[in-house]
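Down below is the structure, laid out as structure tokens.
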Amino acid sequence: MNILVTGGAGFIGSNFVYHMLETYPEYRIVCLDALTYAGNLSTLKDAMENKNFRFVKGDITDKEFIDGLFNEEKFDIVVNFAAESHVDRSIENPDVFLKTNILGTQVLMDASRKYGVKRYHQVSTDEVYGDLPLDQPELFFTEETPIHTSSPYSASKAGADLLVLAYHRTFKLPVTISRCSNNYGPYHFPEKLIPLIISRALNDEKLPVYGMGENVRDWLYVVDHCIAIDRIIHDGRVGEVYNVGGHNERTNLEVVKTILKELGKPESLITFVTDRAGHDMRYAIDPTKISNELGWEPTTTFDEGIKKTVKWYLDNKDWWENILSGEYQNYFKQMYEGR
Ligand code: NAD
Ligand code: DAU
């Protein structure tokens with residue numbers, strides 16, 4: 001089995017690369033990544049030692065390059081993680097989100113059609129469903145929930161999902177889509193809430209919480225997301241969408257306080273800042289379909305996952321300190337100053 005993992009130098013893609021190399025020692029895994037600000041080759045240094053792994057630097061929107069790679073490798077399965085993934089950045093600069101997330105998906109699917117890929121899997125997000133109100137906790141996103149996006153990021157992911165389903169219907173491309181809730185764990189870029197709070201708290205810096213910190217996210221340990229994708233690409237039904245989530249809802253304030261407790265840092269570091277424009281209130285996944293059809297269940301509780309994640313950031317300071325010392329400083333200043 002020869003599998004292309006795009007965006008494998010990013011957070012979830014790299015965790016997926018490691019999961020697949022460990023679980024299927026007989027598979028070949030090719031990681032394609034443009035190494036944008038979010039991609040980090042050092043994340044893949046252990047994978048580089050594996051003879052079944054190949055890293056290729058390249059852009060999923062580059063048609064000619066993608067065609068050449070597919071021609072050379074004859075992939076069986078394509079798993080597309082490559083994307084611009086940060087909502088706040090999409091509010092500042094939507095252009096690259098539309099280009100990578102929509103056009104990149106089209107380029108990958110055209111190559112998948114041309115070279116007879118047996119499964120094209122699109123890694124999508126629960127954000128395509130918009131948000132749920134805080135005062136109706138009985139509501140959850142199912143695969144039938146209408147697409148109703150809030151940010152340029154989620155709109156670009158929804159556009160890609162629709163294109164994937166269209167390629168299935170019109171060209172019979174054997175596709176699947178997963179829509180997962182918020183992930184956390186090792187190699188999470190420190191612009192996202194959990195790693196941002198851990199890294200800043202460790203440096204005794206102020207912790208920016210948007211609005212009143214009441215927004216709810218449904219957190220899943222990243223390895224459980226990887227296991228879900230593994231199940232879907234092997235046994236998922238072609239043309240289907242699978243929601244992935246572990247019924248683990250927390251307000252942002254609860255998450256921040258849990259991390260502070262774990263680190264032994266004071267809550268006085270918390271600073272309430274101007275809210276995100278168009279901020280989604282609540283995400284909550286109903287995972288009944290993937291649970292019934294594929295037997296998938298989360299294996300890591302939030303308490304265990306947060307402990308593991310905090311330990312990983314303590315043990316791997318070089319990884320995130322390197323990121324924080326670069327271009328990231330300008331980003332943080334621009335995004336949070338005067339907020
Ligand atoms: P990330 O930002 O950490 O990683 C994205 C990777 O894609 C980076 O390595 C980057 O270099 C690469 N990339 C970006 N543009 C590219 C291009 N044009 N060509 C090739 N590579 C490119 O993102 P993540 O959090 O790991 O998310 C991965 C995927 O999972 C995304 O599609 C995202 O929408 C989806 N998702 C994320 C979450 C989450 O909680 N993080 C939840 C559900 C779904
Ligand atoms: O639900 C899946 C999505 O989860 C993925 O599709 C996205 O790629 C991923 O980035 C994530 O989106 P969110 O916007 O939910 O994640 P983020 O970590 O940016 O923010 C989580 C919550 O924390 C959100 O309500 C905004 C809030 N927040 C975030 C940051 C960065 C803060 O309060 N302060 C912050 O500094």
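Chain lettering (A, B, ...) mirrors the order of the structure tokens, residue numbering begins at 1 for each chain separately, and ligand numbering begins at 1 in order of display.
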Practice problem: May I have the residues within 6 Å of ligand 1, computed using only C-alpha atoms and all ligand atoms, as a ChimeraX atom specification? | Solution: /A:7-13,33-36,38-39,58-61,81-85,100,123-125,180-183,189
Under the rule of at most 6 Å, produce a per-residue listing of chain A near ligand 2: chain, number, name, the closest pair of atoms, and the distance in Å, as JSON lines, using only C-alpha atoms and all ligand atoms.
{"residue": "A:Ser85", "atom": "CA", "partner": "ligand 2", "partner_atom_place_in_ligand_line": "8 (O)", "distance": 4.1}
{"residue": "A:His86", "atom": "CA", "partner": "ligand 2", "partner_atom_place_in_ligand_line": "10 (O)", "distance": 4.6}
{"residue": "A:Val87", "atom": "CA", "partner": "ligand 2", "partner_atom_place_in_ligand_line": "14 (O)", "distance": 5.3}
{"residue": "A:Thr125", "atom": "CA", "partner": "ligand 2", "partner_atom_place_in_ligand_line": "6 (O)", "distance": 4.5}
{"residue": "A:Asp126", "atom": "CA", "partner": "ligand 2", "partner_atom_place_in_ligand_line": "1 (O)", "distance": 5.2}
{"residue": "A:Glu127", "atom": "CA", "partner": "ligand 2", "partner_atom_place_in_ligand_line": "1 (O)", "distance": 5.3}
{"residue": "A:Ser181", "atom": "CA", "partner": "ligand 2", "partner_atom_place_in_ligand_line": "1 (O)", "distance": 4.2}
{"residue": "A:Asn182", "atom": "CA", "partner": "ligand 2", "partner_atom_place_in_ligand_line": "2 (C)", "distance": 4.0}
{"residue": "A:Glu191", "atom": "CA", "partner": "ligand 2", "partner_atom_place_in_ligand_line": "31 (C)", "distance": 5.6}
{"residue": "A:Lys192", "atom": "CA", "partner": "ligand 2", "partner_atom_place_in_ligand_line": "18 (O)", "distance": 3.6}
{"residue": "A:Leu193", "atom": "CA", "partner": "ligand 2", "partner_atom_place_in_ligand_line": "18 (O)", "distance": 3.8}
{"residue": "A:Pro208", "atom": "CA", "partner": "ligand 2", "partner_atom_place_in_ligand_line": "36 (O)", "distance": 4.9}
{"residue": "A:Val209", "atom": "CA", "partner": "ligand 2", "partner_atom_place_in_ligand_line": "33 (O)", "distance": 3.6}
{"residue": "A:Tyr210", "atom": "CA", "partner": "ligand 2", "partner_atom_place_in_ligand_line": "33 (O)", "distance": 3.8}
{"residue": "A:Gly213", "atom": "CA", "partner": "ligand 2", "partner_atom_place_in_ligand_line": "33 (O)", "distance": 5.9}
{"residue": "A:Asn215", "atom": "CA", "partner": "ligand 2", "partner_atom_place_in_ligand_line": "25 (O)", "distance": 5.2}
{"residue": "A:Asn252", "atom": "CA", "partner": "ligand 2", "partner_atom_place_in_ligand_line": "23 (O)", "distance": 5.6}
The selected residues should be written to file as a compact mmCIF listing (two decimals), in the first residue's frame (atoms: N, CA and C atoms).
# COMPACT_ATOMS: atom_id res chain seq x y z
N SER A 85 -5.11 26.46 8.27
CA SER A 85 -6.00 25.90 9.29
C SER A 85 -6.43 26.86 10.40
N HIS A 86 -5.88 28.09 10.41
CA HIS A 86 -6.17 28.94 11.57
C HIS A 86 -7.23 30.01 11.27
N VAL A 87 -8.33 29.94 12.02
CA VAL A 87 -9.47 30.84 11.79
C VAL A 87 -9.05 32.31 11.85
N THR A 125 -13.64 19.37 8.77
CA THR A 125 -13.79 19.90 10.11
C THR A 125 -15.26 20.07 10.48
N ASP A 126 -15.54 20.03 11.79
CA ASP A 126 -16.91 20.29 12.25
C ASP A 126 -17.32 21.74 12.01
N GLU A 127 -16.33 22.60 11.73
CA GLU A 127 -16.65 24.03 11.53
C GLU A 127 -17.52 24.26 10.30
N SER A 181 -13.86 17.27 15.38
CA SER A 181 -13.89 18.40 16.31
C SER A 181 -12.46 18.85 16.62
N ASN A 182 -12.31 19.77 17.56
CA ASN A 182 -10.98 20.33 17.90
C ASN A 182 -10.02 19.27 18.43
N GLU A 191 -0.07 28.82 17.90
CA GLU A 191 -1.03 29.90 17.66
C GLU A 191 -2.43 29.44 18.09
N LYS A 192 -2.62 28.13 18.27
CA LYS A 192 -3.92 27.57 18.63
C LYS A 192 -4.06 27.56 20.15
N LEU A 193 -5.32 27.57 20.64
CA LEU A 193 -5.56 27.84 22.05
C LEU A 193 -4.70 27.02 23.02
N PRO A 208 -4.33 35.38 26.55
CA PRO A 208 -5.49 36.05 25.93
C PRO A 208 -6.68 35.11 25.75
N VAL A 209 -7.78 35.43 26.43
CA VAL A 209 -9.01 34.65 26.26
C VAL A 209 -10.03 35.55 25.58
N TYR A 210 -10.56 35.09 24.45
CA TYR A 210 -11.48 35.92 23.66
C TYR A 210 -12.83 36.06 24.36
N GLY A 213 -14.70 33.95 27.41
CA GLY A 213 -14.21 32.57 27.54
C GLY A 213 -15.33 31.55 27.64
N ASN A 215 -17.20 30.36 25.06
CA ASN A 215 -17.39 29.53 23.87
C ASN A 215 -16.98 28.09 24.18
N ASN A 252 -13.87 27.54 26.87
CA ASN A 252 -12.46 27.92 26.75
C ASN A 252 -11.86 28.23 28.12
Practice problem: Point out the residue among A:Ile285, A:Leu21, A:Met212, A:Val175 with the least atom-to-atom distance to A:Asn243, counting only C-alpha atoms. | Solution: A:Ile285
Quiz item: What's the 12 Å shell around A:Ser154, counting only C-alpha atoms, without same-chain residues fewer than 5 positions away, as a PyMOL selection string?
Solution: chain A and resi 83-91+94+97-98+101-102+124-131+147-149+159-161+179+278-280
Exercise. Please provide the set of residues having any atom within 10 Å of A:Pro298, restricted to only C-alpha atoms, with same-chain residues fewer than 4 positions apart removed, written as an MDAnalysis selection string.
Key: chainID A and resid 220:225 227:228 244:247 291
Quiz item: atom CA of A:Asp235 and atom CA of A:Glu144 are how many Å apart?
Solution: 20.7 Å
Quiz item: Smallest atom-to-atom distance to A:Asp318: which of A:Ser42, A:Tyr24, A:Ala47, A:Arg250, using only C-alpha atoms?
Solution: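 Nearest to A:Asp318: A:Ser42.
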Quiz item: What gap, in Å, lies between atom CA of A:Val216 and atom CA of A:Thr299?
Solution: 21.4 Å
